[in-house]
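Participant: Pasting coords36.txt here (compact mmCIF, C-alpha atoms):
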# COMPACT_ATOMS: atom_id res chain seq x y z
CA MET A 367 -21.66 40.71 5.62
CA PRO A 368 -20.71 37.04 5.11
CA GLU A 369 -17.55 35.76 6.75
CA PHE A 370 -15.04 34.12 4.44
CA ILE A 371 -12.66 31.64 5.96
CA VAL A 372 -9.58 30.59 4.06
CA ARG A 373 -8.80 26.94 4.75
CA ALA A 374 -5.47 25.44 3.94
CA ASP A 375 -4.55 21.81 4.17
CA VAL A 376 -1.02 21.22 5.34
CA MET A 377 0.29 17.94 4.07
CA PRO A 378 3.46 16.03 4.79
CA GLY A 379 6.01 17.25 2.26
CA ASP A 380 4.88 20.88 2.37
CA THR A 381 7.59 23.44 3.16
CA LEU A 382 6.85 25.41 6.32
CA LYS A 383 8.58 28.56 7.52
CA VAL A 384 9.26 28.72 11.24
CA ALA A 385 10.43 31.78 13.16
CA TYR A 386 11.92 30.95 16.58
CA LYS A 387 12.39 33.71 19.14
CA LEU A 388 14.70 33.27 22.10
CA HIS A 389 16.37 35.94 24.25
CA GLY A 390 15.60 38.71 21.76
CA GLN A 391 16.98 36.82 18.77
CA THR A 392 14.97 35.48 15.83
CA ARG A 393 16.00 32.49 13.74
CA ARG A 394 14.08 31.56 10.58
CA PHE A 395 14.03 27.91 9.59
CA LYS A 396 12.37 25.91 6.84
CA PHE A 397 10.77 22.60 7.86
CA VAL A 398 9.56 19.70 5.73
CA TYR A 399 7.83 16.76 7.46
CA MET A 400 8.28 13.63 5.35
CA PRO A 401 6.56 10.30 6.07
CA ALA A 402 8.98 7.63 7.32
CA SER A 403 8.69 3.88 7.76
CA GLY A 404 6.35 2.55 10.40
CA GLY A 405 4.18 5.67 10.45
CA GLY A 406 6.93 8.00 11.65
CA PHE A 407 8.10 11.35 10.30
CA ASP A 408 11.46 12.73 9.33
CA LEU A 409 11.61 16.47 9.85
CA HIS A 410 14.14 17.95 7.45
CA TRP A 411 15.15 21.48 8.43
CA ASN A 412 17.44 24.15 7.08
CA ILE A 413 18.50 27.70 7.86
CA VAL A 414 20.93 30.13 6.27
CA ARG A 415 23.44 31.33 8.87
CA ASN A 416 26.51 33.41 8.09
CA LEU A 417 25.83 32.97 4.36
CA LYS A 418 26.03 29.17 4.74
CA LEU A 419 23.18 26.68 4.45
CA TRP A 420 22.84 24.62 7.63
CA GLN A 421 20.63 21.57 7.54
CA GLY A 422 19.73 18.45 9.45
CA CYS A 423 16.95 16.03 10.30
CA TYR A 424 14.92 14.92 13.31
CA SER A 425 13.57 11.40 12.93
CA MET A 426 10.41 10.49 14.85
CA SER A 427 9.37 6.86 15.14
CA GLY A 428 5.86 5.65 14.41
CA ASP A 429 5.44 4.98 18.14
CA ALA A 430 6.32 8.61 18.92
CA VAL A 431 3.94 9.96 16.28
CA ARG A 432 1.13 7.73 17.55
CA GLU A 433 1.72 7.72 21.33
CA GLY A 434 4.41 10.30 22.17
CA LYS A 435 4.11 12.15 25.44
CA GLY A 436 6.73 14.86 25.06
CA GLN A 437 8.17 17.54 22.85
CA SER A 438 11.89 17.52 22.12
CA TYR A 439 13.71 20.84 22.43
CA ILE A 440 17.06 19.61 21.08
CA MET A 441 18.75 22.53 19.35
CA PRO A 442 19.37 22.02 15.63
CA GLU A 443 23.05 21.64 14.73
CA ASP A 444 24.37 21.64 11.18
CA GLY A 445 24.70 18.17 9.72
CA ASN A 446 23.04 16.36 12.63
CA MET A 447 20.60 13.58 11.93
CA VAL A 448 18.87 13.07 15.28
CA LYS A 449 16.73 10.05 16.08
CA LEU A 450 14.36 11.14 18.82
CA ASP A 451 13.29 8.81 21.62
CA ASP A 452 10.13 6.80 20.98
CA GLY A 453 8.19 9.09 23.33
CA GLU A 454 9.27 12.39 21.71
CA THR A 455 8.05 14.48 18.82
CA PHE A 456 9.38 17.73 17.38
CA GLY A 457 6.98 20.51 16.33
CA ILE A 458 3.91 18.26 16.49
CA ILE A 459 1.88 16.52 19.17
CA SER A 460 1.19 12.80 18.94
CA THR A 461 -2.02 11.41 17.49
CA ALA A 462 -2.99 10.13 20.96
CA ALA A 463 -2.53 13.62 22.47
CA PHE A 464 -4.52 15.14 19.60
CA ASP A 465 -7.33 12.61 20.10
CA ARG A 466 -7.46 13.42 23.84
CA LEU A 467 -7.57 17.14 23.04
CA ILE A 468 -10.53 16.65 20.69
CA ALA A 469 -12.41 14.20 22.96
CA GLU A 470 -11.64 15.65 26.40
CA GLY A 471 -10.52 19.23 25.74
CA ALA A 472 -7.09 18.62 27.31
CA PHE A 473 -3.90 16.58 26.94
CA CYS A 474 -0.64 16.11 28.82
CA TYR A 475 2.77 16.66 27.18
CA ASN A 476 6.15 16.80 28.93
CA GLY A 477 4.24 16.30 32.19
CA VAL A 478 2.26 19.52 31.60
CA THR A 479 -1.52 19.55 31.14
CA TYR A 480 -2.77 21.83 28.37
CA GLU A 481 -6.46 22.73 28.26
CA LYS A 482 -8.39 23.98 25.27
CA CYS A 483 -9.16 27.68 25.67
CA GLY A 484 -10.14 28.82 22.19
CA GLY A 485 -9.58 28.55 18.51
CA SER A 486 -8.67 30.63 15.50
CA GLN A 487 -7.77 30.46 11.85
CA SER A 488 -4.35 30.86 10.26
CA GLY A 489 -2.94 30.55 6.78
CA LEU A 490 -2.26 26.89 7.64
CA GLY A 491 -5.86 26.10 8.64
CA LYS A 492 -8.06 25.88 11.71
CA LEU A 493 -6.17 26.10 15.03
CA ILE A 494 -7.01 24.93 18.53
CA GLU A 495 -5.61 27.17 21.28
CA VAL A 496 -4.48 25.45 24.48
CA LYS A 497 -3.03 26.84 27.70
CA ASP A 498 -0.99 25.47 30.57
CA ALA A 499 -2.92 26.75 33.60
CA VAL A 500 0.10 26.42 35.92
CA GLU A 501 2.87 28.28 34.04
CA GLY A 502 0.85 30.08 31.37
CA GLY A 503 2.39 28.59 28.22
CA ARG A 504 0.08 28.72 25.20
CA MET A 505 0.08 26.71 21.98
CA TRP A 506 -1.96 26.83 18.81
CA ILE A 507 -2.28 23.36 17.29
CA LEU A 508 -3.36 22.68 13.72
CA GLU A 509 -6.65 20.82 13.72
CA ASN A 510 -5.26 18.11 11.46
CA ARG A 511 -5.02 14.62 12.95
CA ARG A 512 -2.62 13.51 10.19
CA LEU A 513 -0.15 16.33 11.04
CA PRO A 514 -1.07 18.09 14.33
CA LEU A 515 1.53 20.86 14.08
CA ILE A 516 2.26 23.15 16.97
CA VAL A 517 1.82 26.19 14.74
CA LYS A 518 2.52 28.74 17.43
CA MET A 519 3.88 28.80 20.97
CA GLU A 520 3.91 31.77 23.34
CA ASP A 521 4.88 32.29 26.97
CA ASN A 522 6.83 29.04 26.98
CA PRO A 523 8.57 28.68 30.37
CA LEU A 524 11.74 27.68 28.46
CA GLU A 525 11.41 31.04 26.65
CA ILE A 526 11.44 29.33 23.25
CA ASN A 527 8.54 30.79 21.28
CA TRP A 528 7.78 30.19 17.62
CA GLU A 529 5.32 30.53 14.78
CA MET A 530 4.91 28.48 11.59
CA THR A 531 3.64 29.76 8.28
CA LYS A 532 3.49 28.35 4.78
Please go through the file and, once you have read it, give me the structure as structure tokens.
Facilitator:
Amino acid sequence: MPEFIVRADVMPGDTLKVAYKLHGQTRRFKFVYMPASGGGFDLHWNIVRNLKLWQGCYSMSGDAVREGKGQSYIMPEDGNMVKLDDGETFGIISTAAFDRLIAEGAFCYNGVTYEKCGGSQSGLGKLIEVKDAVEGGRMWILENRRLPLIVKMEDNPLEINWEMTK
């Protein structure tokens, strides 16, 4: 029987649903990555909490999107417009890290080396699975150089796990 693979192209501007799990609680956000000046991204997020719409933005510079070496874990707070450091991204890996993953099968982020250990398909597209051999954290990264989303994270040592869908 032939295998049918559904491919989806995630583009900047698409609305993504993200479910974060931490200490037994689940929070469901909506994310929209919008292109910003200099090759950066503005991540607009929102969540309904206590019947009120909370929203904010994380701004990533072009340098961070191209060469970033770390993931920001700043907690979203209503009304905050956060400009991340030039070395930090939020919910994506940098283009340089993505290129290393494709070319070498590994990349370093937040001082942790992640090695390719598999792949799969999701409703967002083709995913590359990576694992931190030291602490066991696993990520599934969208195979999309333009927007290399961290679609899923499990066994994160910070205990912040998530999954993105469209």
Participant: With distances taken over only C-alpha atoms, which residue among A:Asp452, A:Leu419, A:Ser438, A:Leu493 lies nearest A:Asn476?
Facilitator: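 Comparing A:Asp452, A:Leu419, A:Ser438, A:Leu493 against A:Asn476, the winner is A:Ser438.
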Participant: Could you state the separation of atom CA of A:Leu417 and atom CA of A:Val448 in Å, given to one decimal place?
Facilitator: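 Answer for the atom CA of A:Leu417 to atom CA of A:Val448 separation: 23.7 Å.
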Participant: Please, what distance in Å, to one decimal, runs between atom CA of A:Thr461 and atom CA of A:Lys518?
Facilitator: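 Pair atom CA of A:Thr461 / atom CA of A:Lys518 returns 17.9 Å.
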Participant: Mind checking which residues fall within 12 Å of A:Val384, counting only C-alpha atoms, ignoring those fewer than 3 positions away in the same chain, and posting them as a PyMOL selection string?
Facilitator: chain A and resi 381+387+392-398+411-413+457+515-519+527-532
Participant: Using atom CA of A:Ser427 and atom CA of A:Gly404 as the two end points, give the distance in Å to one decimal.
Facilitator: 7.1 Å
Participant: Write a file for stretch 417-475 of chain A, containing C-alpha atoms (output as a PDB file, in the first residue's frame).
Facilitator:
ATOM      1  CA  LEU A 417     -11.689  35.158  30.730  1.00  0.00           C
ATOM      2  CA  LYS A 418      -9.232  37.916  29.765  1.00  0.00           C
ATOM      3  CA  LEU A 419      -7.047  38.066  26.657  1.00  0.00           C
ATOM      4  CA  TRP A 420      -3.378  38.356  27.585  1.00  0.00           C
ATOM      5  CA  GLN A 421      -0.919  39.241  24.865  1.00  0.00           C
ATOM      6  CA  GLY A 422       2.628  40.352  24.250  1.00  0.00           C
ATOM      7  CA  CYS A 423       5.585  40.140  21.910  1.00  0.00           C
ATOM      8  CA  TYR A 424       9.114  38.756  21.853  1.00  0.00           C
ATOM      9  CA  SER A 425      11.356  40.600  19.407  1.00  0.00           C
ATOM     10  CA  MET A 426      14.333  38.717  17.957  1.00  0.00           C
ATOM     11  CA  SER A 427      17.030  40.624  16.103  1.00  0.00           C
ATOM     12  CA  GLY A 428      18.339  39.576  12.707  1.00  0.00           C
ATOM     13  CA  ASP A 429      21.628  38.640  14.406  1.00  0.00           C
ATOM     14  CA  ALA A 430      19.772  36.302  16.778  1.00  0.00           C
ATOM     15  CA  VAL A 431      17.788  34.689  13.967  1.00  0.00           C
ATOM     16  CA  ARG A 432      20.962  34.184  11.914  1.00  0.00           C
ATOM     17  CA  GLU A 433      23.567  33.375  14.593  1.00  0.00           C
ATOM     18  CA  GLY A 434      21.791  32.892  17.943  1.00  0.00           C
ATOM     19  CA  LYS A 435      23.218  30.346  20.329  1.00  0.00           C
ATOM     20  CA  GLY A 436      20.485  30.109  22.950  1.00  0.00           C
ATOM     21  CA  GLN A 437      16.798  29.732  23.607  1.00  0.00           C
ATOM     22  CA  SER A 438      15.067  32.260  25.847  1.00  0.00           C
ATOM     23  CA  TYR A 439      12.752  30.875  28.512  1.00  0.00           C
ATOM     24  CA  ILE A 440      11.393  34.241  29.687  1.00  0.00           C
ATOM     25  CA  MET A 441       7.843  33.702  30.897  1.00  0.00           C
ATOM     26  CA  PRO A 442       5.192  35.619  28.945  1.00  0.00           C
ATOM     27  CA  GLU A 443       3.565  38.426  30.922  1.00  0.00           C
ATOM     28  CA  ASP A 444       0.518  40.347  29.760  1.00  0.00           C
ATOM     29  CA  GLY A 445       1.384  43.527  27.899  1.00  0.00           C
ATOM     30  CA  ASN A 446       5.143  42.904  27.804  1.00  0.00           C
ATOM     31  CA  MET A 447       7.058  43.641  24.644  1.00  0.00           C
ATOM     32  CA  VAL A 448      10.389  41.906  25.225  1.00  0.00           C
ATOM     33  CA  LYS A 449      13.460  42.537  23.087  1.00  0.00           C
ATOM     34  CA  LEU A 450      15.606  39.439  23.403  1.00  0.00           C
ATOM     35  CA  ASP A 451      19.401  39.596  23.489  1.00  0.00           C
ATOM     36  CA  ASP A 452      21.136  39.311  20.116  1.00  0.00           C
ATOM     37  CA  GLY A 453      22.141  35.723  20.927  1.00  0.00           C
ATOM     38  CA  GLU A 454      18.652  34.501  21.904  1.00  0.00           C
ATOM     39  CA  THR A 455      15.666  33.144  20.035  1.00  0.00           C
ATOM     40  CA  PHE A 456      12.248  32.050  21.280  1.00  0.00           C
ATOM     41  CA  GLY A 457      10.607  28.885  19.909  1.00  0.00           C
ATOM     42  CA  ILE A 458      13.048  28.581  16.993  1.00  0.00           C
ATOM     43  CA  ILE A 459      16.712  27.766  16.522  1.00  0.00           C
ATOM     44  CA  SER A 460      18.962  30.111  14.575  1.00  0.00           C
ATOM     45  CA  THR A 461      19.751  29.601  10.905  1.00  0.00           C
ATOM     46  CA  ALA A 462      23.390  28.851  11.824  1.00  0.00           C
ATOM     47  CA  ALA A 463      22.297  26.131  14.288  1.00  0.00           C
ATOM     48  CA  PHE A 464      19.913  24.702  11.679  1.00  0.00           C
ATOM     49  CA  ASP A 465      22.686  24.662   9.060  1.00  0.00           C
ATOM     50  CA  ARG A 466      25.013  22.823  11.488  1.00  0.00           C
ATOM     51  CA  LEU A 467      22.260  20.306  12.245  1.00  0.00           C
ATOM     52  CA  ILE A 468      21.774  19.580   8.532  1.00  0.00           C
ATOM     53  CA  ALA A 469      25.506  19.494   7.666  1.00  0.00           C
ATOM     54  CA  GLU A 470      26.937  17.841  10.792  1.00  0.00           C
ATOM     55  CA  GLY A 471      23.969  16.139  12.469  1.00  0.00           C
ATOM     56  CA  ALA A 472      24.384  18.199  15.656  1.00  0.00           C
ATOM     57  CA  PHE A 473      24.282  21.747  17.017  1.00  0.00           C
ATOM     58  CA  CYS A 474      24.899  23.502  20.321  1.00  0.00           C
ATOM     59  CA  TYR A 475      22.259  25.703  21.991  1.00  0.00           C
TER      60      TYR A 475
END
